[in-house]
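Have a look at my_file-v7.cif below; it lists mmCIF, C-alpha atoms.
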data_my_file
#
loop_
_atom_site.label_atom_id
_atom_site.label_comp_id
_atom_site.auth_asym_id
_atom_site.auth_seq_id
_atom_site.Cartn_x
_atom_site.Cartn_y
_atom_site.Cartn_z
CA MET Z 20 145.10 137.16 98.04
CA VAL Z 21 142.61 134.98 99.92
CA SER Z 22 141.09 132.29 97.73
CA ALA Z 23 137.35 131.72 97.47
CA ALA Z 24 137.64 128.41 99.35
CA GLU Z 25 139.57 130.04 102.23
CA GLN Z 26 137.11 132.91 102.36
CA LEU Z 27 134.23 130.43 102.41
CA ALA Z 28 135.76 128.43 105.25
CA SER Z 29 136.44 131.54 107.32
CA ASN Z 30 132.96 132.97 106.86
CA VAL Z 31 130.95 129.86 107.78
CA ASN Z 32 128.86 130.84 110.81
CA TRP Z 33 125.34 130.55 112.08
CA GLY Z 34 124.67 134.18 111.22
CA ALA Z 35 124.29 133.05 107.61
CA PHE Z 36 121.32 130.95 108.66
CA SER Z 37 118.92 133.89 108.38
CA LYS Z 38 119.75 134.23 104.68
CA ALA Z 39 119.51 130.50 103.88
CA THR Z 40 115.84 130.34 102.91
CA GLU Z 41 115.97 126.81 101.51
CA LEU Z 42 117.68 125.49 104.65
CA LYS Z 43 115.01 127.04 106.88
CA GLN Z 44 112.29 125.45 104.76
CA ARG Z 45 114.00 122.08 105.08
CA ILE Z 46 114.24 122.42 108.86
CA TRP Z 47 110.60 123.44 109.21
CA PHE Z 48 109.55 120.54 107.01
CA THR Z 49 111.55 118.13 109.17
CA LEU Z 50 110.06 119.50 112.40
CA GLY Z 51 106.54 119.27 110.98
CA ALA Z 52 107.05 115.68 109.87
CA LEU Z 53 108.39 114.70 113.30
CA ILE Z 54 105.41 116.37 115.00
CA ILE Z 55 103.06 114.30 112.83
CA TYR Z 56 104.99 111.18 113.85
CA ARG Z 57 104.73 112.06 117.55
CA LEU Z 58 100.97 112.64 117.26
CA GLY Z 59 100.58 109.19 115.72
CA THR Z 60 102.23 107.54 118.73
CA TYR Z 61 99.22 108.62 120.84
CA ILE Z 62 96.49 107.19 118.56
CA PRO Z 63 95.56 103.81 120.10
CA LEU Z 64 95.02 100.63 118.15
CA PRO Z 65 91.29 99.93 117.69
CA GLY Z 66 89.75 97.01 119.57
CA ILE Z 67 91.93 96.96 122.71
CA ASP Z 68 91.57 98.11 126.31
CA PRO Z 69 94.49 100.55 126.83
CA ALA Z 70 94.41 100.24 130.63
CA ALA Z 71 94.52 96.43 130.55
CA PHE Z 72 97.29 96.41 127.98
CA GLU Z 73 99.41 98.89 129.95
CA ALA Z 74 99.07 96.68 133.04
CA ASN Z 75 100.32 93.68 131.03
CA PHE Z 76 103.07 95.74 129.45
CA THR Z 77 104.34 96.90 132.84
CA GLY Z 78 104.79 93.29 133.92
CA ASN Z 79 106.78 92.44 130.77
CA ARG Z 80 108.72 95.66 130.21
CA GLN Z 81 112.13 94.22 131.10
CA GLY Z 82 112.26 92.27 127.85
CA VAL Z 83 112.61 93.27 124.23
CA LEU Z 84 109.33 95.22 124.51
CA GLU Z 85 111.09 97.94 126.51
CA LEU Z 86 113.78 98.22 123.84
CA PHE Z 87 111.19 98.54 121.06
CA ASN Z 88 109.16 100.92 123.21
CA MET Z 89 112.22 103.13 123.55
CA PHE Z 90 112.74 103.21 119.78
CA ALA Z 91 109.01 103.81 119.19
CA GLY Z 92 108.81 106.75 121.59
CA GLY Z 93 106.34 105.01 123.94
CA ALA Z 94 104.03 103.85 121.14
CA VAL Z 95 104.36 100.20 122.21
CA GLN Z 96 103.35 100.98 125.79
CA ARG Z 97 100.26 102.78 124.45
CA MET Z 98 99.84 100.21 121.65
CA ALA Z 99 99.44 103.00 119.14
CA ILE Z 100 99.12 102.74 115.37
CA PHE Z 101 102.89 103.42 115.13
CA ALA Z 102 103.77 100.63 117.58
CA LEU Z 103 105.94 98.84 114.98
CA ASN Z 104 107.63 102.16 114.28
CA ILE Z 105 110.06 102.12 111.35
CA MET Z 106 111.95 99.07 112.64
CA PRO Z 107 110.60 96.68 109.91
CA TYR Z 108 112.01 99.08 107.31
CA ILE Z 109 115.37 99.18 109.11
CA SER Z 110 115.40 95.38 109.33
CA ALA Z 111 114.50 95.08 105.64
CA SER Z 112 117.31 97.47 104.69
CA ILE Z 113 119.83 95.45 106.68
CA ILE Z 114 118.59 92.16 105.19
CA ILE Z 115 118.88 93.54 101.65
CA GLN Z 116 122.43 94.69 102.41
CA LEU Z 117 123.30 91.24 103.73
CA LEU Z 118 121.77 89.55 100.69
CA THR Z 119 123.76 91.83 98.39
CA SER Z 120 126.97 90.07 99.41
CA VAL Z 121 125.61 86.58 98.65
CA ILE Z 122 123.27 87.11 95.67
CA PRO Z 123 125.14 88.11 92.47
CA SER Z 124 122.13 89.81 90.88
CA LEU Z 125 121.75 92.18 93.85
CA GLU Z 126 125.46 92.89 93.81
CA THR Z 127 125.18 93.79 90.13
CA LEU Z 128 122.31 96.16 90.89
CA LYS Z 129 124.38 97.83 93.58
CA LYS Z 130 127.08 98.63 91.01
CA GLU Z 131 124.62 100.15 88.50
CA GLY Z 132 124.47 103.50 90.28
CA GLU Z 133 121.26 105.44 90.71
CA ALA Z 134 119.11 103.07 88.61
CA GLY Z 135 120.24 100.05 90.61
CA ARG Z 136 119.73 101.89 93.89
CA LYS Z 137 116.10 102.64 92.97
CA VAL Z 138 115.43 98.96 92.23
CA MET Z 139 117.03 97.91 95.53
CA ASN Z 140 114.97 100.50 97.39
CA GLN Z 141 111.85 99.01 95.83
CA TYR Z 142 112.91 95.53 96.98
CA THR Z 143 113.42 96.97 100.47
CA ARG Z 144 109.89 98.39 100.47
CA TYR Z 145 108.39 95.04 99.43
CA LEU Z 146 110.33 93.26 102.18
CA THR Z 147 109.16 95.89 104.65
CA VAL Z 148 105.54 95.05 103.84
CA VAL Z 149 106.21 91.35 104.46
CA LEU Z 150 108.06 91.92 107.74
CA ALA Z 151 105.49 94.43 109.00
CA ALA Z 152 102.58 92.09 108.18
CA PHE Z 153 104.30 89.18 109.92
CA GLN Z 154 105.12 91.18 113.04
CA ALA Z 155 101.68 92.80 113.15
CA TYR Z 156 100.01 89.39 113.02
CA GLY Z 157 102.24 88.19 115.84
CA ILE Z 158 101.21 91.23 117.91
CA ALA Z 159 97.54 90.56 117.19
CA VAL Z 160 97.85 86.94 118.36
CA GLY Z 161 99.85 88.03 121.40
CA LEU Z 162 97.23 90.62 122.36
CA GLU Z 163 94.46 88.04 122.13
CA SER Z 164 96.40 85.72 124.48
CA GLN Z 165 96.37 88.39 127.20
CA ALA Z 166 93.18 88.28 129.28
CA GLY Z 167 91.01 91.38 129.06
CA VAL Z 168 93.18 93.27 126.57
CA VAL Z 169 91.14 92.67 123.38
CA THR Z 170 87.48 93.67 123.59
CA ASP Z 171 86.33 91.45 120.71
CA PRO Z 172 88.95 88.84 119.73
CA GLY Z 173 88.64 87.00 116.47
CA PHE Z 174 89.45 87.09 112.78
CA PHE Z 175 88.22 90.67 112.29
CA PHE Z 176 90.43 91.98 115.10
CA ARG Z 177 93.49 90.26 113.62
CA ILE Z 178 92.84 91.67 110.15
CA THR Z 179 92.29 95.24 111.41
CA THR Z 180 95.37 95.01 113.63
CA VAL Z 181 97.57 93.80 110.77
CA LEU Z 182 96.29 96.48 108.38
CA THR Z 183 96.56 99.26 110.96
CA LEU Z 184 100.08 98.44 112.19
CA MET Z 185 101.34 97.68 108.69
CA GLY Z 186 99.84 100.93 107.41
CA GLY Z 187 101.52 102.83 110.24
CA THR Z 188 104.92 101.37 109.35
CA LEU Z 189 104.49 102.12 105.64
CA PHE Z 190 103.42 105.68 106.44
CA LEU Z 191 106.54 106.16 108.59
CA MET Z 192 108.66 104.66 105.82
CA TRP Z 193 107.21 107.20 103.38
CA LEU Z 194 107.59 110.00 105.94
CA GLY Z 195 111.23 109.08 106.50
CA GLU Z 196 111.93 109.17 102.77
CA GLN Z 197 110.27 112.58 102.54
CA ILE Z 198 112.44 113.91 105.37
CA THR Z 199 115.57 112.57 103.65
CA SER Z 200 114.72 114.17 100.30
CA ARG Z 201 112.97 117.38 101.38
CA GLY Z 202 114.21 117.92 104.92
CA ILE Z 203 117.45 117.70 106.88
CA GLY Z 204 119.21 114.50 107.93
CA ASN Z 205 118.37 110.84 107.45
CA GLY Z 206 114.62 110.42 107.86
CA SER Z 207 114.63 106.92 109.36
CA SER Z 208 117.31 107.82 111.89
CA LEU Z 209 115.53 111.03 112.86
CA ILE Z 210 112.27 109.17 113.51
CA ILE Z 211 114.04 106.80 115.92
CA PHE Z 212 115.92 109.79 117.38
CA ALA Z 213 112.65 111.66 118.01
CA GLY Z 214 111.16 108.66 119.78
CA ILE Z 215 114.12 108.32 122.14
CA VAL Z 216 114.49 112.05 122.87
CA ALA Z 217 110.76 112.43 123.56
CA ALA Z 218 111.07 110.02 126.50
CA PHE Z 219 114.13 111.69 128.04
CA PRO Z 220 112.23 114.35 130.06
CA SER Z 221 109.92 111.80 131.72
CA ALA Z 222 112.87 109.48 132.39
CA ILE Z 223 114.77 112.32 134.08
CA VAL Z 224 111.71 113.31 136.14
CA ASN Z 225 111.13 109.69 137.22
CA THR Z 226 114.78 109.35 138.22
CA LEU Z 227 114.63 112.54 140.29
CA GLU Z 228 111.38 111.36 141.88
CA LEU Z 229 113.04 108.07 142.86
CA GLY Z 230 115.84 110.13 144.39
CA ARG Z 231 113.34 112.22 146.34
CA GLN Z 232 111.66 109.09 147.67
CA GLY Z 233 115.01 107.65 148.69
CA ALA Z 234 114.89 104.72 146.28
CA ILE Z 235 118.05 106.05 144.57
CA SER Z 236 120.79 107.84 146.46
CA THR Z 237 121.99 111.30 145.50
CA GLY Z 238 125.44 109.89 144.76
CA VAL Z 239 124.00 107.53 142.17
CA ILE Z 240 122.12 110.36 140.46
CA ILE Z 241 125.29 112.46 140.32
CA ALA Z 242 127.19 109.45 139.00
CA VAL Z 243 124.58 109.01 136.25
CA LEU Z 244 124.91 112.68 135.26
CA VAL Z 245 128.69 112.51 135.14
CA MET Z 246 128.59 109.19 133.27
CA SER Z 247 126.14 110.53 130.69
CA ILE Z 248 128.27 113.62 129.97
CA SER Z 249 131.43 111.51 129.78
CA VAL Z 250 129.81 108.95 127.50
CA ILE Z 251 128.48 111.65 125.16
CA ALA Z 252 131.91 113.30 124.93
CA PHE Z 253 133.55 109.91 124.30
CA ILE Z 254 131.00 109.04 121.60
CA VAL Z 255 131.59 112.36 119.82
CA PHE Z 256 135.36 111.80 119.88
CA MET Z 257 135.18 108.20 118.65
CA GLU Z 258 132.55 108.82 115.98
CA ARG Z 259 134.74 111.53 114.47
CA ALA Z 260 137.87 109.37 114.63
CA GLN Z 261 139.26 108.27 111.25
CA ARG Z 262 142.25 106.49 109.86
CA ARG Z 263 143.34 108.40 106.75
CA VAL Z 264 145.10 106.32 104.12
CA LEU Z 265 147.29 108.41 101.81
CA ILE Z 266 146.29 108.15 98.13
CA THR Z 267 148.55 109.47 95.36
CA TYR Z 268 147.49 110.35 91.82
CA PRO Z 269 150.41 110.58 89.35
CA LYS Z 270 151.12 113.37 86.88
CA ARG Z 271 148.96 113.07 83.76
CA GLN Z 272 148.68 114.76 80.37
CA GLN Z 273 145.50 115.74 78.54
CA GLY Z 274 146.21 117.15 75.09
CA ASN Z 275 148.88 119.81 75.43
CA ARG Z 276 148.28 120.36 79.12
CA ILE Z 277 150.14 118.52 81.88
CA TYR Z 278 148.47 118.17 85.26
CA GLU Z 279 150.63 117.82 88.36
CA GLY Z 280 150.25 114.82 90.61
CA GLN Z 281 147.85 115.11 93.52
CA THR Z 282 147.45 113.49 96.92
CA SER Z 283 144.28 112.80 98.86
CA PHE Z 284 143.13 110.59 101.70
CA LEU Z 285 140.86 107.57 101.96
CA PRO Z 286 139.01 108.09 105.27
CA LEU Z 287 138.25 104.89 107.21
CA LYS Z 288 135.91 105.44 110.15
CA LEU Z 289 136.83 103.82 113.42
CA ASN Z 290 133.23 102.69 113.86
CA THR Z 291 132.05 101.70 110.39
CA SER Z 292 129.14 99.59 111.67
CA GLY Z 293 127.44 102.49 113.49
CA VAL Z 294 124.67 101.60 115.95
CA ILE Z 295 123.71 98.28 114.34
CA PRO Z 296 125.77 95.98 116.67
CA PRO Z 297 124.23 97.23 119.96
CA ILE Z 298 120.70 97.12 118.53
CA PHE Z 299 121.07 93.57 117.24
CA ALA Z 300 122.83 92.37 120.40
CA SER Z 301 120.18 93.88 122.68
CA SER Z 302 117.33 92.42 120.64
CA LEU Z 303 118.77 88.91 120.64
CA LEU Z 304 119.54 88.91 124.37
CA LEU Z 305 116.20 90.37 125.46
CA LEU Z 306 114.13 88.02 123.30
CA PRO Z 307 114.28 85.00 125.70
CA THR Z 308 113.22 87.23 128.62
CA THR Z 309 110.22 88.51 126.70
CA ILE Z 310 109.11 85.03 125.65
CA ALA Z 311 109.47 83.74 129.21
CA ASN Z 312 107.45 86.65 130.64
CA PHE Z 313 104.62 86.13 128.15
CA SER Z 314 104.57 82.38 128.88
CA GLN Z 315 104.14 82.89 132.64
CA ASN Z 316 100.38 83.08 132.26
CA GLN Z 317 100.52 79.60 130.75
CA ASN Z 318 102.79 78.24 133.54
CA GLY Z 319 105.69 77.89 131.11
CA THR Z 320 108.88 76.79 132.93
CA GLY Z 321 111.02 75.31 130.20
CA ILE Z 322 114.44 76.00 128.82
CA ILE Z 323 113.42 79.53 127.78
CA ALA Z 324 112.65 80.45 131.40
CA THR Z 325 115.98 79.00 132.54
CA ILE Z 326 117.92 80.89 129.87
CA SER Z 327 116.12 84.15 130.65
CA ALA Z 328 116.98 83.75 134.33
CA TYR Z 329 120.68 83.72 133.49
CA LEU Z 330 120.34 86.48 130.88
CA GLY Z 331 118.83 89.08 133.19
CA HIS Z 332 120.28 92.57 133.44
CA GLY Z 333 123.46 92.63 135.49
CA ARG Z 334 124.07 88.89 135.31
CA PRO Z 335 127.62 87.85 134.32
CA LEU Z 336 126.34 85.67 131.45
CA TYR Z 337 124.31 88.58 130.09
CA MET Z 338 127.29 90.93 130.19
CA ALA Z 339 129.62 88.42 128.54
CA ALA Z 340 127.10 87.53 125.82
CA TYR Z 341 126.33 91.21 125.23
CA VAL Z 342 129.99 92.08 124.66
CA ALA Z 343 130.53 89.00 122.45
CA LEU Z 344 127.52 89.81 120.24
CA ILE Z 345 128.51 93.47 119.88
CA ILE Z 346 132.01 92.49 118.77
CA PHE Z 347 130.65 89.86 116.37
CA PHE Z 348 128.15 92.21 114.71
CA ALA Z 349 130.74 95.02 114.54
CA PHE Z 350 133.06 92.86 112.43
CA PHE Z 351 130.23 91.22 110.49
CA TYR Z 352 128.43 94.42 109.52
CA THR Z 353 131.69 96.21 108.70
CA ALA Z 354 132.56 93.40 106.28
CA ILE Z 355 129.14 93.85 104.66
CA VAL Z 356 129.10 97.62 104.20
CA PHE Z 357 132.75 98.13 103.19
CA ASN Z 358 134.34 96.15 100.35
CA PRO Z 359 138.16 96.58 100.17
CA VAL Z 360 138.32 94.84 96.78
CA GLU Z 361 135.81 97.24 95.23
CA THR Z 362 137.63 100.22 96.77
CA ALA Z 363 140.98 99.02 95.40
CA ASP Z 364 139.46 98.53 91.93
CA ASN Z 365 138.01 102.06 91.94
CA LEU Z 366 141.38 103.50 92.91
CA LYS Z 367 143.07 101.57 90.11
CA LYS Z 368 140.53 102.76 87.53
CA HIS Z 369 141.14 106.39 88.46
CA GLY Z 370 144.91 106.00 88.51
CA GLY Z 371 145.27 106.33 92.28
CA PHE Z 372 147.54 104.19 94.43
CA ILE Z 373 148.82 103.90 97.98
CA PRO Z 374 152.55 104.76 98.14
CA GLY Z 375 154.61 101.60 98.53
CA ILE Z 376 151.65 99.29 97.81
CA ARG Z 377 151.05 97.67 94.43
CA PRO Z 378 147.63 98.53 92.91
CA GLY Z 379 144.98 95.82 92.75
CA GLU Z 380 145.00 92.81 95.04
CA ARG Z 381 147.84 94.05 97.28
CA THR Z 382 145.99 97.34 97.82
CA ALA Z 383 142.81 95.46 98.77
CA GLN Z 384 144.76 93.35 101.27
CA TYR Z 385 146.40 96.44 102.73
CA ILE Z 386 143.06 98.25 103.16
CA ASP Z 387 141.48 95.11 104.63
CA THR Z 388 144.30 94.81 107.18
CA ILE Z 389 143.89 98.42 108.28
CA LEU Z 390 140.11 98.01 108.43
CA MET Z 391 140.41 94.92 110.64
CA ARG Z 392 142.75 96.71 113.04
CA ILE Z 393 140.60 99.80 113.46
CA THR Z 394 137.46 97.63 113.76
CA VAL Z 395 139.05 96.02 116.82
CA LEU Z 396 139.17 99.47 118.41
CA GLY Z 397 135.67 100.28 117.13
CA ALA Z 398 134.20 97.07 118.55
CA ALA Z 399 135.93 97.66 121.90
CA TYR Z 400 134.57 101.22 121.94
CA LEU Z 401 131.01 100.00 121.32
CA ALA Z 402 131.35 97.32 124.00
CA VAL Z 403 132.57 99.82 126.60
CA ILE Z 404 129.94 102.43 125.71
CA CYS Z 405 127.09 99.90 125.97
CA LEU Z 406 128.40 97.85 128.90
CA LEU Z 407 129.10 100.57 131.47
CA PRO Z 408 125.55 102.03 131.39
CA GLU Z 409 124.13 98.49 131.54
CA VAL Z 410 126.01 97.90 134.80
CA LEU Z 411 124.66 101.13 136.25
CA ILE Z 412 121.12 100.39 135.05
CA SER Z 413 121.12 96.93 136.63
CA TYR Z 414 122.69 98.25 139.85
CA ALA Z 415 120.50 101.33 140.35
CA ALA Z 416 117.33 100.19 138.48
CA LEU Z 417 117.43 103.26 136.27
CA PRO Z 418 115.20 103.73 133.19
CA PHE Z 419 116.19 101.97 129.98
CA TYR Z 420 116.69 105.32 128.25
CA PHE Z 421 120.01 105.87 129.99
CA GLY Z 422 121.56 102.89 128.21
CA GLY Z 423 124.54 103.16 125.90
CA THR Z 424 122.48 102.24 122.82
CA SER Z 425 120.11 105.18 123.25
CA LEU Z 426 122.92 107.65 123.91
CA LEU Z 427 124.85 106.31 120.91
CA ILE Z 428 121.86 106.77 118.60
CA VAL Z 429 121.04 110.25 119.87
CA VAL Z 430 124.62 111.54 119.62
CA SER Z 431 125.29 109.94 116.21
CA VAL Z 432 122.07 111.27 114.64
CA THR Z 433 122.67 114.72 116.13
CA MET Z 434 126.20 114.84 114.70
CA ASP Z 435 125.01 113.72 111.28
CA THR Z 436 122.16 116.27 111.20
CA VAL Z 437 124.39 119.14 112.34
CA ALA Z 438 126.93 118.17 109.69
CA GLN Z 439 124.24 118.32 107.00
CA ILE Z 440 123.05 121.72 108.23
CA HIS Z 441 126.64 122.95 108.13
CA GLY Z 442 126.98 121.57 104.60
CA HIS Z 443 123.87 123.44 103.43
CA LEU Z 444 125.22 126.64 104.98
CA GLN Z 445 128.52 126.18 103.16
CA ALA Z 446 126.72 125.54 99.87
CA HIS Z 447 124.59 128.65 100.37
CA GLN Z 448 127.64 130.80 101.11
CA TYR Z 449 129.48 129.33 98.15
CA GLU Z 450 126.58 130.22 95.84
CA SER Z 451 126.56 133.75 97.30
CA LEU Z 452 130.28 134.14 96.59
CA ILE Z 453 129.82 132.94 93.01
CA LYS Z 454 126.97 135.41 92.44
CA LYS Z 455 129.02 138.28 93.88
CA SER Z 456 132.01 137.42 91.70
CA LYS Z 457 129.78 137.33 88.59
CA LEU Z 458 128.29 140.72 89.45
CA ARG Z 459 131.75 142.18 89.88
CA GLY Z 460 132.80 140.72 86.52
CA LYS Z 461 129.80 142.33 84.79
CA ARG Z 462 130.51 145.72 86.36
CA ARG Z 463 134.08 145.60 85.09
#
Any chance you could put this one into structure tokens?
Amino acid sequence: MVSAAEQLASNVNWGAFSKATELKQRIWFTLGALIIYRLGTYIPLPGIDPAAFEANFTGNRQGVLELFNMFAGGAVQRMAIFALNIMPYISASIIIQLLTSVIPSLETLKKEGEAGRKVMNQYTRYLTVVLAAFQAYGIAVGLESQAGVVTDPGFFFRITTVLTLMGGTLFLMWLGEQITSRGIGNGSSLIIFAGIVAAFPSAIVNTLELGRQGAISTGVIIAVLVMSISVIAFIVFMERAQRRVLITYPKRQQGNRIYEGQTSFLPLKLNTSGVIPPIFASSLLLLPTTIANFSQNQNGTGIIATISAYLGHGRPLYMAAYVALIIFFAFFYTAIVFNPVETADNLKKHGGFIPGIRPGERTAQYIDTILMRITVLGAAYLAVICLLPEVLISYAALPFYFGGTSLLIVVSVTMDTVAQIHGHLQAHQYESLIKKSKLRGKRR
């Protein structure tokens, strides 16, 4: 006789989607929220000349502005109310995670379950307000330094700019939380995903136009297509890769009943750090170039200009520093988000152990050793994924959207969202099976 679990696994298909009313509502809610976000990227900031700003942006787009513009779906280039996007919230979340490992009170909150998580989320929101206000003020001052961009510079312009940009970030933070709770997928990731994907069609059209004009050869365009497909397939394979550590639970007795021992697996992802290392590495490397470009109007030729000259796209120093930073952040962020000692303690509390390894400290050391080894492969994978497109971009002058970071974000978010949709379909089918079995029991 086929068990309910086997029947559920065999019947999972997209045909069940039409019957999953709640899932359809979640998907429509997510699409509606993303449409609202995209509309906000076209509402310009009050008090600026859009044409003058776009001219200045075009001259500085090789720096960190282009990276942020990619994440913001073009909102930076248009200087829209969502120009800061949700990046201050992402930065605040990462900072809180980093502080958790060094501040005992935050570490205690992390272990308190749902109540502690709510308090930490509130701290993250407060830090988001601070970061957004600081960055918005910096943008306001930067806009005033550009000739002809601000129509009426002064204190009032700075205040309105700070309030507008900060309000846009807080709205996106709220919208992302609504998508996470009432929609499908991680709201913050989907907002960044939508910004990147929205620029893909124009990037493809521009690339084909350059090919038609002869600026890019047909061979290069074909190479880009083949590289993109290969990179996407490689990302899917590596993001699904896991090292499964065998966990054994011994035989136990509860009252008069004896339960047989069980085995399970502790899944360790090959890339625990996700997309954080490429984002941080790109931001740090592109920052000197951006500062140097903005200082050209003031005849700035100091150490920043010299460093930015050596850290241009395609330069050997840039490539070496990019790989080194990706590897560093891969190990650093993995150490932050995964605690082998805490994992070993949880296994010990529940009676689980790794065969041949003593519970407690030895188990933590064993897990840490495995994690370090697979992180070497994960860091190398991130470096290869992000470095190869960078070489092609610098060689063929292709749009920034074809970089490894953008492809990594798009593929990872897509996989996570599809997995959640599949999970909702499984839950819906499981509930249907339970209802059918109950009806059969009543009829009997």
*Using only C-alpha atoms: which of Z:Leu64, Z:Ile198, Z:Ala74, Z:Ile158 has the shortest distance to Ala52 (chain Z)*: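 Among the listed residues, Z:Ile198 lies closest to Ala52 (chain Z).
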*Go through the shown structure with the PyMOL selection byres ((chain Z and resi 343) around 12) and write out the matching residues as a PyMOL selection string.*
chain Z and resi 296-297+299-301+303-304+336-342+344-350+398-399+401-403+405-406
*Selected residue, from Z:Leu287, Z:Ile404, Z:Val95, Z:Leu426, that lies nearest to Ile386 (chain Z) when counting only C-alpha atoms*: Z:Leu287
*asked:* Can you measure CA of Arg45 (chain Z) to CA of Gly214 (chain Z) for me? One decimal in Å is fine.
replied: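 Those two atoms sit 20.1 Å apart.
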*asked:* Calculated over all atoms listed in the file, which of the candidates Z:Ile223, Z:Ile203, Z:Ile295, Z:Met89 has the smallest distance to Lys43 (chain Z)?
replied: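 Checking each of Z:Ile223, Z:Ile203, Z:Ile295, Z:Met89 against Lys43 (chain Z), counting all atoms listed in the file, the winner is Z:Ile203.
Using only C-alpha atoms, the residues found no farther than 12 Å from Leu42 (chain Z), other than those of its own chain fewer than 2 positions away, are Trp33, Ala35, Phe36, Ser37, Lys38, Ala39, Thr40, Gln44, Arg45, Ile46, Trp47, Phe48, Thr49, Arg201, Gly202, Ile203, Gly204, Gln439, Ile440, His441, Gly442, His443, Leu444, Gln445, Ala446, His447 and Gln448 of chain Z.
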*Z:Ala252, Z:Leu103, Z:Ile215, Z:Ile240: which is nearest Met434 (chain Z), counting all atoms listed in the file?*
Z:Ala252
*Just give me the gap between CA of Leu58 (chain Z) and CA of Ala213 (chain Z) in Å, one decimal is fine.*
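The value is 11.7 Å.
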_Interatomic distance (Å, one decimal) between CA of Gly66 (chain Z) and CA of Met98 (chain Z)_ =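 For CA of Gly66 (chain Z) relative to CA of Met98 (chain Z), the distance reads 10.8 Å.
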*Of the candidates Z:Ala70, Z:Val224, Z:Ile373, Z:Ala155, which one gets nearest to Phe284 (chain Z) if we count all atoms listed in the file?*
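Between Z:Ala70, Z:Val224, Z:Ile373, Z:Ala155, the residue approaching Phe284 (chain Z) most closely is Z:Ile373.
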_Here is a test: counting only C-alpha atoms, which residue of Z:Gly238, Z:Pro359, Z:Pro65, Z:Gly186 is nearest to Leu390 (chain Z)?_
Z:Pro359
*asked:* Which residues, named as in the file, does the PyMOL selection byres ((chain Z and resi 355) around 10) pick out? Answer as a ChimeraX atom specification.
replied: /Z:113,116-120,292,350-354,356-358
Box for region 120-132 of chain Z - axis-aligned, 4 Å on each of the six sides, all listed atoms - centre and size in Å to one decimal, as lines of an AutoDock Vina configuration file.
center_x = 124.4
center_y = 95.0
center_z = 94.0
size_x = 13.3
size_y = 24.9
size_z = 18.9
*Evaluate the PyMOL selection byres ((chain Z and resi 372) around 9) on the structure here and hand back the selected residues as a list of chain:residue names.*
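For this structure, the PyMOL selection byres ((chain Z and resi 372) around 9) captures Z:Leu265, Z:Ile266, Z:Thr267, Z:Tyr268, Z:Pro269, Z:Ala363, Z:Leu366, Z:Lys367, Z:Gly370, Z:Gly371, Z:Ile373, Z:Pro374, Z:Gly375, Z:Ile376, Z:Arg377, Z:Pro378, Z:Gly379, Z:Thr382.
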*So which residues touch Gln154 (chain Z) within 9 Å, counting only C-alpha atoms, skipping near sequence neighbours fewer than 2 positions away, as a list of chain:residue names?*
Z:Leu103, Z:Pro107, Z:Val149, Z:Leu150, Z:Ala151, Z:Ala152, Z:Tyr156, Z:Gly157, Z:Ile158, Z:Ala159, Z:Val181, Z:Leu184, Z:Met185
Write a file of the just-selected residues containing C-alpha atoms, as a PDB file, in the frame of the given file.
ATOM      1  CA  LEU Z 103     105.940  98.840 114.980  1.00  0.00           C
ATOM      2  CA  PRO Z 107     110.600  96.680 109.910  1.00  0.00           C
ATOM      3  CA  VAL Z 149     106.210  91.350 104.460  1.00  0.00           C
ATOM      4  CA  LEU Z 150     108.060  91.920 107.740  1.00  0.00           C
ATOM      5  CA  ALA Z 151     105.490  94.430 109.000  1.00  0.00           C
ATOM      6  CA  ALA Z 152     102.580  92.090 108.180  1.00  0.00           C
ATOM      7  CA  TYR Z 156     100.010  89.390 113.020  1.00  0.00           C
ATOM      8  CA  GLY Z 157     102.240  88.190 115.840  1.00  0.00           C
ATOM      9  CA  ILE Z 158     101.210  91.230 117.910  1.00  0.00           C
ATOM     10  CA  ALA Z 159      97.540  90.560 117.190  1.00  0.00           C
ATOM     11  CA  VAL Z 181      97.570  93.800 110.770  1.00  0.00           C
ATOM     12  CA  LEU Z 184     100.080  98.440 112.190  1.00  0.00           C
ATOM     13  CA  MET Z 185     101.340  97.680 108.690  1.00  0.00           C
TER      14      MET Z 185
END
